[in-house]
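Student: One file: protein_34.pdb (PDB, C-alpha atoms).
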```
ATOM      1  CA  MET W  16     124.389  92.760  98.982
ATOM      2  CA  GLN W  17     124.762  89.279 100.345
ATOM      3  CA  GLU W  18     122.504  89.840 103.291
ATOM      4  CA  GLY W  19     119.290  91.713 102.962
ATOM      5  CA  ARG W  20     115.596  91.531 102.608
ATOM      6  CA  SER W  21     113.474  92.238  99.629
ATOM      7  CA  ALA W  22     110.198  94.031  99.737
ATOM      8  CA  LYS W  23     107.532  94.393  97.110
ATOM      9  CA  CYS W  24     105.393  97.449  96.675
ATOM     10  CA  HIS W  25     101.770  96.511  96.071
ATOM     11  CA  PRO W  26     100.397  93.363  94.431
ATOM     12  CA  SER W  27     100.507  93.659  90.652
ATOM     13  CA  PRO W  28     101.008  91.469  87.588
ATOM     14  CA  VAL W  29     104.231  93.463  87.062
ATOM     15  CA  PRO W  30     105.884  93.679  90.489
ATOM     16  CA  THR W  31     108.425  96.264  91.562
ATOM     17  CA  SER W  32     110.903  95.045  94.155
ATOM     18  CA  ILE W  33     113.724  96.481  96.222
ATOM     19  CA  LEU W  34     116.516  94.713  98.079
ATOM     20  CA  ILE W  35     117.743  96.573 101.154
ATOM     21  CA  SER W  36     120.870  95.407 102.932
ATOM     22  CA  ASP W  37     120.462  94.526 106.611
ATOM     23  CA  ALA W  38     123.562  96.674 107.194
ATOM     24  CA  LEU W  39     121.399  99.761 106.590
ATOM     25  CA  GLY W  40     119.088  98.844 109.458
ATOM     26  CA  PRO W  41     115.326  98.399 109.359
ATOM     27  CA  TYR W  42     113.315 100.176 106.659
ATOM     28  CA  VAL W  43     109.559 100.634 106.387
ATOM     29  CA  LEU W  44     107.345 101.240 103.375
ATOM     30  CA  ASP W  45     105.889 104.752 103.507
ATOM     31  CA  THR W  46     102.293 104.045 102.515
ATOM     32  CA  THR W  47     101.494 107.779 102.530
ATOM     33  CA  ALA W  48     103.860 108.349  99.568
ATOM     34  CA  GLY W  49     101.499 106.611  97.176
ATOM     35  CA  SER W  50     102.656 105.011  93.955
ATOM     36  CA  THR W  51     102.874 105.446  90.224
ATOM     37  CA  PRO W  52      99.621 104.682  88.351
ATOM     38  CA  GLY W  53      99.282 101.197  86.883
ATOM     39  CA  VAL W  54     102.574  99.667  88.020
ATOM     40  CA  PRO W  55     103.597  99.746  91.687
ATOM     41  CA  SER W  56     106.371 101.964  93.002
ATOM     42  CA  GLY W  57     107.256 102.660  96.604
ATOM     43  CA  VAL W  58     109.206 104.723  99.099
ATOM     44  CA  TRP W  59     111.108 103.106 101.974
ATOM     45  CA  ARG W  60     112.319 105.162 104.895
ATOM     46  CA  PRO W  61     114.743 104.153 107.635
ATOM     47  CA  ALA W  62     112.755 103.134 110.715
ATOM     48  CA  ASP W  63     115.051 105.121 113.008
ATOM     49  CA  GLY W  64     115.360 108.124 110.683
ATOM     50  CA  THR W  65     119.035 107.393 110.001
ATOM     51  CA  GLY W  66     119.971 106.698 106.395
ATOM     52  CA  PRO W  67     118.787 107.482 102.919
ATOM     53  CA  THR W  68     115.219 107.363 101.712
ATOM     54  CA  LEU W  69     115.075 104.597  99.090
ATOM     55  CA  VAL W  70     112.622 104.686  96.200
ATOM     56  CA  ALA W  71     111.847 101.908  93.719
ATOM     57  CA  ALA W  72     110.025 103.412  90.746
ATOM     58  CA  HIS W  73     108.366 101.995  87.634
ATOM     59  CA  PRO W  74     106.047 104.372  85.775
ATOM     60  CA  LEU W  75     104.024 102.938  82.903
ATOM     61  CA  PRO W  76     105.474 103.345  79.392
ATOM     62  CA  PRO W  77     104.419 106.379  77.310
ATOM     63  CA  LEU W  78     102.014 104.523  75.033
ATOM     64  CA  PRO W  79      99.270 106.506  73.247
ATOM     65  CA  LEU W  80      96.347 105.226  75.344
ATOM     66  CA  ILE W  81      98.145 105.622  78.702
ATOM     67  CA  VAL W  82     100.383 108.642  78.162
ATOM     68  CA  ASP W  83      98.514 110.569  80.896
ATOM     69  CA  GLU W  84      99.260 107.780  83.395
ATOM     70  CA  TRP W  85     102.922 107.780  82.269
ATOM     71  CA  SER W  86     103.102 111.536  82.809
ATOM     72  CA  ALA W  87     101.501 111.185  86.261
ATOM     73  CA  GLY W  88     104.087 108.483  87.078
ATOM     74  CA  ILE W  89     106.988 110.716  86.044
ATOM     75  CA  ASP W  90     105.520 113.530  88.166
ATOM     76  CA  TRP W  91     105.310 111.087  91.118
ATOM     77  CA  VAL W  92     109.007 110.281  90.629
ATOM     78  CA  ALA W  93     109.891 113.997  90.683
ATOM     79  CA  ARG W  94     107.897 114.474  93.921
ATOM     80  CA  GLN W  95     109.928 111.725  95.614
ATOM     81  CA  CYS W  96     113.219 113.467  94.782
ATOM     82  CA  VAL W  97     113.047 115.953  97.625
ATOM     83  CA  GLY W  98     115.847 116.431 100.138
ATOM     84  CA  ALA W  99     119.512 115.565 100.097
ATOM     85  CA  ASP W 100     119.377 111.973 101.322
ATOM     86  CA  VAL W 101     117.343 110.144  98.672
ATOM     87  CA  ILE W 102     118.266 107.388  96.223
ATOM     88  CA  LEU W 103     115.703 106.472  93.562
ATOM     89  CA  ALA W 104     116.169 103.651  91.070
ATOM     90  CA  GLY W 105     114.053 101.975  88.462
ATOM     91  CA  ASP W 106     112.712 101.574  84.980
ATOM     92  CA  LEU W 107     111.392 105.101  84.508
ATOM     93  CA  ASN W 108     110.327 104.445  80.909
ATOM     94  CA  ALA W 109     111.827 107.853  80.154
ATOM     95  CA  SER W 110     115.047 109.229  78.732
ATOM     96  CA  LEU W 111     116.708 112.363  80.066
ATOM     97  CA  ASP W 112     114.968 114.265  77.265
ATOM     98  CA  HIS W 113     111.587 113.097  78.610
ATOM     99  CA  LEU W 114     112.612 114.224  82.098
ATOM    100  CA  SER W 115     113.799 117.700  81.080
ATOM    101  CA  GLY W 116     111.967 120.471  82.861
ATOM    102  CA  LEU W 117     111.322 118.354  85.978
ATOM    103  CA  GLY W 118     114.449 119.452  87.826
ATOM    104  CA  VAL W 119     114.558 121.864  90.744
ATOM    105  CA  GLY W 120     117.734 123.884  91.264
ATOM    106  CA  ASP W 121     120.658 121.712  90.151
ATOM    107  CA  GLY W 122     118.460 118.610  90.006
ATOM    108  CA  THR W 123     117.650 116.619  86.888
ATOM    109  CA  VAL W 124     114.393 115.298  88.352
ATOM    110  CA  GLY W 125     113.084 117.100  91.397
ATOM    111  CA  GLU W 126     116.165 117.772  93.519
ATOM    112  CA  CYS W 127     117.898 114.569  92.322
ATOM    113  CA  ARG W 128     120.713 114.240  89.819
ATOM    114  CA  ASP W 129     120.924 111.408  87.300
ATOM    115  CA  ALA W 130     123.812 109.084  88.232
ATOM    116  CA  ALA W 131     124.513 108.080  84.619
ATOM    117  CA  GLN W 132     124.699 111.719  83.573
ATOM    118  CA  ASP W 133     127.067 112.528  86.459
ATOM    119  CA  ALA W 134     129.305 109.628  85.403
ATOM    120  CA  GLY W 135     129.256 110.531  81.697
ATOM    121  CA  SER W 136     127.325 107.354  80.776
ATOM    122  CA  ALA W 137     123.850 108.742  80.085
ATOM    123  CA  ALA W 138     123.858 107.790  76.382
ATOM    124  CA  ARG W 139     124.294 104.042  77.053
ATOM    125  CA  GLY W 140     120.948 102.386  76.360
ATOM    126  CA  THR W 141     119.251  99.899  78.653
ATOM    127  CA  TRP W 142     116.228  98.888  76.554
ATOM    128  CA  PRO W 143     115.720  96.776  74.524
ATOM    129  CA  VAL W 144     118.596  94.343  74.898
ATOM    130  CA  ARG W 145     118.218  93.237  71.267
ATOM    131  CA  LEU W 146     119.825  96.553  70.268
ATOM    132  CA  PRO W 147     123.411  97.486  71.099
ATOM    133  CA  PRO W 148     123.687 100.006  73.967
ATOM    134  CA  VAL W 149     124.621 102.782  71.539
ATOM    135  CA  LEU W 150     121.203 102.400  69.817
ATOM    136  CA  ALA W 151     119.041 101.349  72.780
ATOM    137  CA  ALA W 152     117.022 103.812  74.874
ATOM    138  CA  PRO W 153     118.503 104.867  78.254
ATOM    139  CA  ILE W 154     115.287 104.528  80.275
ATOM    140  CA  ASP W 155     116.554 102.832  83.456
ATOM    141  CA  HIS W 156     117.914 105.318  85.976
ATOM    142  CA  VAL W 157     119.438 105.882  89.393
ATOM    143  CA  LEU W 158     118.650 109.340  90.780
ATOM    144  CA  VAL W 159     120.444 110.715  93.831
ATOM    145  CA  GLY W 160     120.059 113.641  96.212
ATOM    146  CA  SER W 161     122.865 116.063  97.011
ATOM    147  CA  ALA W 162     124.117 113.955  99.950
ATOM    148  CA  TRP W 163     125.477 111.478  97.394
ATOM    149  CA  SER W 164     128.327 111.623  94.910
ATOM    150  CA  VAL W 165     128.469 109.287  91.937
ATOM    151  CA  ARG W 166     131.710 107.314  91.727
ATOM    152  CA  GLY W 167     130.655 105.262  88.712
ATOM    153  CA  PHE W 168     127.769 104.113  86.565
ATOM    154  CA  GLU W 169     127.679 101.122  84.253
ATOM    155  CA  VAL W 170     125.129  99.614  81.888
ATOM    156  CA  ARG W 171     125.840  95.874  82.045
ATOM    157  CA  THR W 172     125.718  93.900  78.788
ATOM    158  CA  ASP W 173     126.828  90.559  80.205
ATOM    159  CA  PHE W 174     123.235  89.698  81.146
ATOM    160  CA  ASP W 175     121.674  90.368  77.725
ATOM    161  CA  ASP W 176     120.682  86.681  77.402
ATOM    162  CA  ALA W 177     119.301  86.388  80.956
ATOM    163  CA  GLY W 178     115.655  86.812  79.922
ATOM    164  CA  SER W 179     114.904  90.482  80.602
ATOM    165  CA  ASP W 180     114.318  93.037  77.870
ATOM    166  CA  HIS W 181     116.236  95.607  79.997
ATOM    167  CA  ARG W 182     119.918  95.764  80.784
ATOM    168  CA  PRO W 183     120.873  96.082  84.452
ATOM    169  CA  VAL W 184     122.621  99.208  85.662
ATOM    170  CA  VAL W 185     125.131  99.522  88.475
ATOM    171  CA  ALA W 186     125.691 102.855  90.202
ATOM    172  CA  VAL W 187     128.526 103.283  92.673
ATOM    173  CA  LEU W 188     127.613 105.987  95.185
ATOM    174  CA  ALA W 189     129.396 107.542  98.135
ATOM    175  CA  ARG W 190     128.042 109.767 100.857
ATOM    176  CA  ARG W 191     129.475 113.290 100.576
TER     177      ARG W 191
END
```
For the structure just supplied, provide its representation as structure tokens.

Tutor:
Amino acid sequence: MQEGRSAKCHPSPVPTSILISDALGPYVLDTTAGSTPGVPSGVWRPADGTGPTLVAAHPLPPLPLIVDEWSAGIDWVARQCVGADVILAGDLNASLDHLSGLGVGDGTVGECRDAAQDAGSAARGTWPVRLPPVLAAPIDHVLVGSAWSVRGFEVRTDFDDAGSDHRPVVAVLARR
């Protein structure tokens, strides 16, 4: 996306950001959708009602003292995956095993499918970058509603020295 605007959820020491291409038209943060506990997440809807709902999500990690907040964050993610025209992406701090039981119908989480799983790449780990993808945990996800087909999904290793402890993911989606 060469042109676009970025938006941040709520102020936090650990920000969550989304870049939305100007080609999609204006989007607005849905403040009624709430957020994940502890680390901001957000839902952006097209201002004119045309286009996908976009969700940037970052639940807290499942550490012993905050596992309830992590669980509440994963539940928030599942509640955002409603309807056909939704795309959710982020560091969910959860593998597909953690997310099992949260699907509705054919969905992996809520009504959404996991793009990596659809593309046959769900076992490629994204965190931490110090481990090879075959040993790392696949905790960064792109979830899509039924209006979207997954054309490809890749865990990128060419940025392992860029400074993040997570590997970036690239999902190629097409409207059905």

Student: If the PyMOL selection byres ((chain W and resi 124) around 10) is run on the structure shown, which residues does it catch, given as a CSV table (one decimal) with C-alpha atoms, keeping the file's coordinate frame?

Tutor:
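What landed in selection05.csv:
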```
chain,number,residue,atom,x,y,z
W,89,ILE,CA,107.0,110.7,86.0
W,90,ASP,CA,105.5,113.5,88.2
W,92,VAL,CA,109.0,110.3,90.6
W,93,ALA,CA,109.9,114.0,90.7
W,94,ARG,CA,107.9,114.5,93.9
W,95,GLN,CA,109.9,111.7,95.6
W,96,CYS,CA,113.2,113.5,94.8
W,97,VAL,CA,113.0,116.0,97.6
W,111,LEU,CA,116.7,112.4,80.1
W,114,LEU,CA,112.6,114.2,82.1
W,115,SER,CA,113.8,117.7,81.1
W,116,GLY,CA,112.0,120.5,82.9
W,117,LEU,CA,111.3,118.4,86.0
W,118,GLY,CA,114.4,119.5,87.8
W,119,VAL,CA,114.6,121.9,90.7
W,120,GLY,CA,117.7,123.9,91.3
W,121,ASP,CA,120.7,121.7,90.2
W,122,GLY,CA,118.5,118.6,90.0
W,123,THR,CA,117.6,116.6,86.9
W,125,GLY,CA,113.1,117.1,91.4
W,126,GLU,CA,116.2,117.8,93.5
W,127,CYS,CA,117.9,114.6,92.3
W,128,ARG,CA,120.7,114.2,89.8
W,129,ASP,CA,120.9,111.4,87.3
W,158,LEU,CA,118.6,109.3,90.8
W,159,VAL,CA,120.4,110.7,93.8
W,160,GLY,CA,120.1,113.6,96.2
```

Student: Report as a ChimeraX atom specification the full result of the PyMOL selection byres ((chain W and resi 54-63) around 10) when it is applied to this structure.

Tutor: /W:22-33,35,39-53,64-76,84-85,88,91-92,95,101-103,105

Student: So, with all atoms listed in the file as the atoms that count, which of W:Asn108, W:Arg145, W:Arg139, W:Ala162 lies closest to Arg190 (chain W)?

Tutor: W:Ala162

Student: Once the PyMOL selection byres ((chain W and resi 148) around 12) has been applied to the shown file, what residues remain in the selection, as a VMD selection string?

Tutor: chain W and resid 136 to 147 149 to 154 169 to 173 175 181 to 184

Student: For C-alpha atoms, I'd like the residues from the last selection saved as a PDB file, keeping the file's coordinate frame.

Tutor:
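File written: again-v3.pdb
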```
ATOM      1  CA  SER W 136     127.325 107.354  80.776  1.00  0.00           C
ATOM      2  CA  ALA W 137     123.850 108.742  80.085  1.00  0.00           C
ATOM      3  CA  ALA W 138     123.858 107.790  76.382  1.00  0.00           C
ATOM      4  CA  ARG W 139     124.294 104.042  77.053  1.00  0.00           C
ATOM      5  CA  GLY W 140     120.948 102.386  76.360  1.00  0.00           C
ATOM      6  CA  THR W 141     119.251  99.899  78.653  1.00  0.00           C
ATOM      7  CA  TRP W 142     116.228  98.888  76.554  1.00  0.00           C
ATOM      8  CA  PRO W 143     115.720  96.776  74.524  1.00  0.00           C
ATOM      9  CA  VAL W 144     118.596  94.343  74.898  1.00  0.00           C
ATOM     10  CA  ARG W 145     118.218  93.237  71.267  1.00  0.00           C
ATOM     11  CA  LEU W 146     119.825  96.553  70.268  1.00  0.00           C
ATOM     12  CA  PRO W 147     123.411  97.486  71.099  1.00  0.00           C
ATOM     13  CA  VAL W 149     124.621 102.782  71.539  1.00  0.00           C
ATOM     14  CA  LEU W 150     121.203 102.400  69.817  1.00  0.00           C
ATOM     15  CA  ALA W 151     119.041 101.349  72.780  1.00  0.00           C
ATOM     16  CA  ALA W 152     117.022 103.812  74.874  1.00  0.00           C
ATOM     17  CA  PRO W 153     118.503 104.867  78.254  1.00  0.00           C
ATOM     18  CA  ILE W 154     115.287 104.528  80.275  1.00  0.00           C
ATOM     19  CA  GLU W 169     127.679 101.122  84.253  1.00  0.00           C
ATOM     20  CA  VAL W 170     125.129  99.614  81.888  1.00  0.00           C
ATOM     21  CA  ARG W 171     125.840  95.874  82.045  1.00  0.00           C
ATOM     22  CA  THR W 172     125.718  93.900  78.788  1.00  0.00           C
ATOM     23  CA  ASP W 173     126.828  90.559  80.205  1.00  0.00           C
ATOM     24  CA  ASP W 175     121.674  90.368  77.725  1.00  0.00           C
ATOM     25  CA  HIS W 181     116.236  95.607  79.997  1.00  0.00           C
ATOM     26  CA  ARG W 182     119.918  95.764  80.784  1.00  0.00           C
ATOM     27  CA  PRO W 183     120.873  96.082  84.452  1.00  0.00           C
ATOM     28  CA  VAL W 184     122.621  99.208  85.662  1.00  0.00           C
TER      29      VAL W 184
END
```

Student: CA of Ala87 (chain W) and CA of Asp112 (chain W) are how many Å apart?

Tutor: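 Computed distance, CA of Ala87 (chain W) to CA of Asp112 (chain W), equals 16.5 Å.
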
Student: In terms of the shortest atom-to-atom distance over all atoms listed in the file, which of W:Val82, W:Val187, W:Leu34, W:Val165 is closest to Asp133 (chain W)?

Tutor: W:Val165

Student: Go ahead and compute the interatomic distance for CA of Ala130 (chain W) and CA of Val157 (chain W), in Å to one decimal.

Tutor: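 Interatomic distance, CA of Ala130 (chain W) to CA of Val157 (chain W): 5.5 Å.
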